[in-house]
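Reading through the structure tokens given below for one structure.
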Protein chains: 4
Amino acid sequence: MESPGPEIDDEQAPPSMARASLLRELPATPRGLRTRSALIAAARSVFESRGYLETKLSDITTAAKCSAGTFYTYFGSKEEIFAAVLVVAQEDMMHPGMPRMAEDGDPASIIEASNRAYFTAYQRNAKLMVLLEQVANIDPEFRELRRLRGEAFIGRNARSIENLQERGLADRKLDAMLASRALSGMVSRLAFGHFTTDDELSLDDLVEAATRLWVNALRIPAERV
Amino acid sequence: MESPGPEIDDEQAPPSMARASLLRELPATPRGLRTRSALIAAARSVFESRGYLETKLSDITTAAKCSAGTFYTYFGSKEEIFAAVLVVAQEDMMHPGMPRMAEDGDPASIIEASNRAYFTAYQRNAKLMVLLEQVANIDPEFRELRRLRGEAFIGRNARSIENLQERGLADRKLDAMLASRALSGMVSRLAFGHFTTDDELSLDDLVEAATRLWVNALRIPAERV
Amino acid sequence: MESPGPEIDDEQAPPSMARASLLRELPATPRGLRTRSALIAAARSVFESRGYLETKLSDITTAAKCSAGTFYTYFGSKEEIFAAVLVVAQEDMMHPGMPRMAEDGDPASIIEASNRAYFTAYQRNAKLMVLLEQVANIDPEFRELRRLRGEAFIGRNARSIENLQERGLADRKLDAMLASRALSGMVSRLAFGHFTTDDELSLDDLVEAATRLWVNALRIPAERV
Amino acid sequence: MESPGPEIDDEQAPPSMARASLLRELPATPRGLRTRSALIAAARSVFESRGYLETKLSDITTAAKCSAGTFYTYFGSKEEIFAAVLVVAQEDMMHPGMPRMAEDGDPASIIEASNRAYFTAYQRNAKLMVLLEQVANIDPEFRELRRLRGEAFIGRNARSIENLQERGLADRKLDAMLASRALSGMVSRLAFGHFTTDDELSLDDLVEAATRLWVNALRIPAERV
DNA sequence: AATGAATGAGGGTTCATTCAT
DNA sequence: GATGAATGAACCCTCATTCAT
């Protein structure tokens, strides 16, 4: 459950996220790379279906069709392979393939596009997000990871809000950072709830509501036609 | 991380929350009652300091100064005693000692008072909330519990929003339920973040920002003097 | 292979030897004490027949007819139970049941009696001594233990040599401590060798030779008749 | 901890010592020879710093900068390479570069020179001796090796003692073999203790003490001037 | 000759749960 | 009611050894 909002994209995030798993260097041979990948794919699949805690290393090696020992050739623990799963997933998470919005466009449209991108990316990785939520509440290292991811989003959204405030397009009584924290959290939470429960709402409805609340909250004036 | 917002108080919640632990009836003797209480108090303390997963039953019995066998006289498992801990804590959680607001007061003031009450109650039970968050992401039974608690808040806030809409005091383009879900989540998230990290903000700042965003988001008109 | 020699008996040794295993307190119930004793007895037996390294914890629990878990109720590791085995054995090791020699007897007779007592005690615990030798060369904690035991013997023998020197009954050109170290080592080594290999010598021959060498080495004058 | 004493040098030892590792013939190519040597050097270094048991084959191959598979081209096991390490080291151990003593010299001088040579050789290989001690207490094959080395020393010293007895220069009441066993053990033990602990004694002191005790023990008469 | 990935038997360890006292 | 010893399934992890490349 990281913090979302307008202007999702982040070239700086990967390093911070990758940290945890870059400890081991990649295997030297193609064969090794294949095995490693198989393990990561198997791990993701097992994690997603069983949950993090319920997953035994033997579940992963069985799914990857390799022995227990092989696991330790590439990873030192369940945490380590989970970090690797996240690293592999993160590119997609952070670069949701959204066409970059014109910066000078109508603020409400930008916000809407950002929210849509966020929800869409979330959807593609919903199970993983739930997992991250689980693990972040268990393991301090991943708690920090979640925090950093959130801060990245919040920071960017805060700058965007500040920008609107400077242009007289947003409520100047709001503290940009705090507002960003609140609204980013709102959207992130909406997404988590939506993909976590059997929600009958459409994505469009969600995006629309989130956007309207966001726009209202900042007191962004309606587009003058 | 349940959903908060205006009008916090709930007479219906206890039954649903209690379910899990009402399986066993209370001990007949005073001595038994004392032991049971000691176990619950010990459990809360240990859970809060070690976390749910790290807590071994032996940690609890040690802290409660009783034997392993005695634990099973009163509880069947870690989940069961955790539920009991929540039951004991919930009265305070749900009745944050807030003087009931005049229903006909200024909407912004009501919202502010509600938010303040929410943050205050959260503060008193912050560690437990973090625990619940942890456990809810692990155990489906507690996930359901969290959901129910959230729904209670969200439902009440939704009714409040609807009421404002009917009176022409809130943006009618918003779906009341969805808006409540979003804004309640926003506040709940803010609280979780605040008490979870080393936040330098004052509670007053938090309450003010949350209130302003909530009021703005609903497009509640400024008080006419 | 500790250092031996005349005047074997030691009221101070147990504390130092016990250290390693007094970490855990003894079980509260008779049943617990019985189980603990059974484990120690089983451990000694298995250690002696399989050797320290080859002994698996499961060998011990099997021999003691208890489960793996029970082992950990009393001991935290193989080292810990080995220390306990030594503690149980040490009383016999240190108090070889030797009738205390008249201090004013003929020096050569005292030395002979001491040596005989040493060899006899060694014989009763030969397998354990071999084990200690094995473990001391593996684990620094037991290396230290062996050293301390040796120092106790050497110290006492050194005092005895000094006493003889002062009475003009031993070569004054010898450094008492160094001589004690050498001669105690000589006897200890002889014992180790004797009980370790298939030695055809009789104990009497050993005692006689050790004594003669010891007496000669110190230049103790022959008894005047 | 082999048995030492006067008259150290031994043309017969190598065959017996080498046995264990002569199983494999040397590699045919120069490259192979180099790799093999690198492995042996690496093994000695790792054994000495980590100890025998703690040394993993991978430690050795890493230190030798070769792969796990390569190890098996030259050695079949840890024991085998340890034997090879000993073979490489033994020449120095057995031929301590001592100028051969005149056989007809003063007995005490010969003994002193021998002891000095022994301690000096021990010093150069102290770590290896400690290792051998460790391994001999673990592995029967190396126990036998240690015994054979010891017997060689003891045998020679026994012959020397016999010779002195025949010439009326040593106590005839002593069994030459037993006395040699005892005194050789004494010196070996002294050396082990000295290089194993932080001993403040000088080598000279050690040599002098050992010699004086040895001479006294045999009742070798003082040099007539 | 060298590589390094893959193997898997085998051991240690934990801890919720039971039950005789 | 209380005790605490006993249980044993379940899982993690290591590392010597093999083998295809």
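Chain labels follow the order of the structure tokens: the first chain is A, the next B, and so on; residue numbering restarts at 1 in every chain, and ligands are counted from 1 in their shown order.
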Practice prompt. Give the alpha helix (DSSP H) residues of range 123-205 of chain D, as DSSP finds them on the backbone, and put them as a ChimeraX atom specification.
Written response: /D:123-124,126-136,140-166,176-196,203-205
Discussion item. Counting only C-alpha atoms (C1' of nucleotides), a student should be able to say which residues of chain E come within 12 Å of chain A; what is the right answer, written as a PyMOL selection string?
Written reply: chain E and resi 3-9
Practice prompt. Between CA of Leu169 in chain D and CA of Ile220 in chain D, measure the distance and give it in Å to one decimal.
Written response: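 It comes out at 5.4 Å.
Here chain D was fitted onto chain B over its full set of C-alpha atoms, and the resulting RMSD is 0.1 Å.
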Worksheet item: Which value, in Å to one decimal, gives the distance between CA of Gly193 in chain D and CA of Gln90 in chain D?
Response: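 The value is 20.8 Å.
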Counting only C-alpha atoms, what are the residues of chain A within 8 Å of chain B, and for each of them which pair of atoms is the nearest and at what distance in Å, to one decimal? Sort the table by chain and rising number, as a tab-separated table.
residue	atom	partner	partner_atom	distance
A:Leu53	CA	B:Ile138	CA	7.8
A:Glu133	CA	B:Asn137	CA	7.2
A:Gln134	CA	B:Asn137	CA	5.1
A:Asn137	CA	B:Gln134	CA	5.2
A:Ile138	CA	B:Gln134	CA	6.7
A:Leu174	CA	B:Ala209	CA	6.8
A:Asp175	CA	B:Ala209	CA	7.5
A:Leu178	CA	B:Ala209	CA	7.2
A:Ala179	CA	B:Ala209	CA	7.0
A:Arg181	CA	B:Leu190	CA	7.5
A:Ala182	CA	B:Met186	CA	5.6
A:Leu183	CA	B:Met186	CA	6.6
A:Gly185	CA	B:Met186	CA	5.8
A:Met186	CA	B:Met186	CA	4.3
A:Val187	CA	B:Ala182	CA	7.2
A:Arg189	CA	B:Gly185	CA	6.1
A:Leu190	CA	B:Ala182	CA	6.1
A:Ala209	CA	B:Leu174	CA	6.8
A:Ala210	CA	B:Ala182	CA	7.4
A:Arg212	CA	B:Leu174	CA	7.7
A:Leu213	CA	B:Ala217	CA	4.9
A:Trp214	CA	B:Ala217	CA	6.8
A:Val215	CA	B:Ala217	CA	7.5
A:Asn216	CA	B:Ala217	CA	4.5
A:Ala217	CA	B:Ala217	CA	4.0
A:Leu218	CA	B:Asn216	CA	7.0
A:Arg219	CA	B:Asn216	CA	6.5
Pick out the chain F residues within 9 Å of chain B. Count only C-alpha atoms (C1' of nucleotides). Give them as a PDB file with C-alpha atoms (C1' of nucleotides), in the first residue's frame.
ATOM      1  C1'  DG F   1      -7.173 -24.985  38.668  1.00  0.00           C
ATOM      2  C1'  DA F   2      -2.285 -25.300  38.078  1.00  0.00           C
ATOM      3  C1'  DT F   3       1.867 -27.357  36.815  1.00  0.00           C
ATOM      4  C1'  DG F   4       5.791 -28.204  33.770  1.00  0.00           C
TER       5       DG F   4
END
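Minimum atom-to-atom distances from B:Arg24, B:Lys56, B:Arg44, B:Arg34 to DC15 in chain E were compared using only C-alpha atoms (C1' of nucleotides), and the lowest value belongs to B:Lys56.
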Who sits within 8 Å of Phe119 in chain C, only C-alpha atoms (C1' of nucleotides), same chain under 4 positions skipped, as a PDB file with C-alpha atoms, in the first residue's frame:
ATOM      1  CA  ASN C 115      51.304 -41.425  40.591  1.00  0.00           C
ATOM      2  CA  GLN C 123      41.972 -45.733  34.147  1.00  0.00           C
ATOM      3  CA  ALA C 191      48.713 -42.338  31.051  1.00  0.00           C
ATOM      4  CA  LEU C 203      50.140 -50.520  35.780  1.00  0.00           C
ATOM      5  CA  VAL C 207      53.952 -46.351  38.151  1.00  0.00           C
TER       6      VAL C 207
END
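Closest approach to Ser180 in chain B from the set B:Arg116, B:Lys127, B:Lys78, B:Arg156 is made by B:Arg156, with distances taken over only C-alpha atoms.
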Worksheet entry | d(CA of Glu112 in chain D, CA of Ala222 in chain D) in Å | 13.7 Å
Worksheet item: Contacts of DG10 in chain E at 12 Å or less, counting only C-alpha atoms (C1' of nucleotides), minus same-chain residues fewer than 2 places along, as a ChimeraX atom specification?
Response: /C:56,58 /E:8,12 /F:13-15
Could you save those same residues with C-alpha atoms (C1' of nucleotides) as a compact mmCIF listing (two decimals), in the first residue's frame?
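Heads up, here's the output in selection_4.txt:
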# COMPACT_ATOMS: atom_id res chain seq x y z
CA LYS C 56 24.32 -36.98 16.86
CA SER C 58 19.41 -38.15 18.07
C1' DG E 8 19.88 -34.24 -1.51
C1' DG E 12 19.75 -29.24 14.27
C1' DC F 13 20.17 -25.12 6.08
C1' DT F 14 24.87 -27.05 4.93
C1' DC F 15 28.16 -28.85 2.08
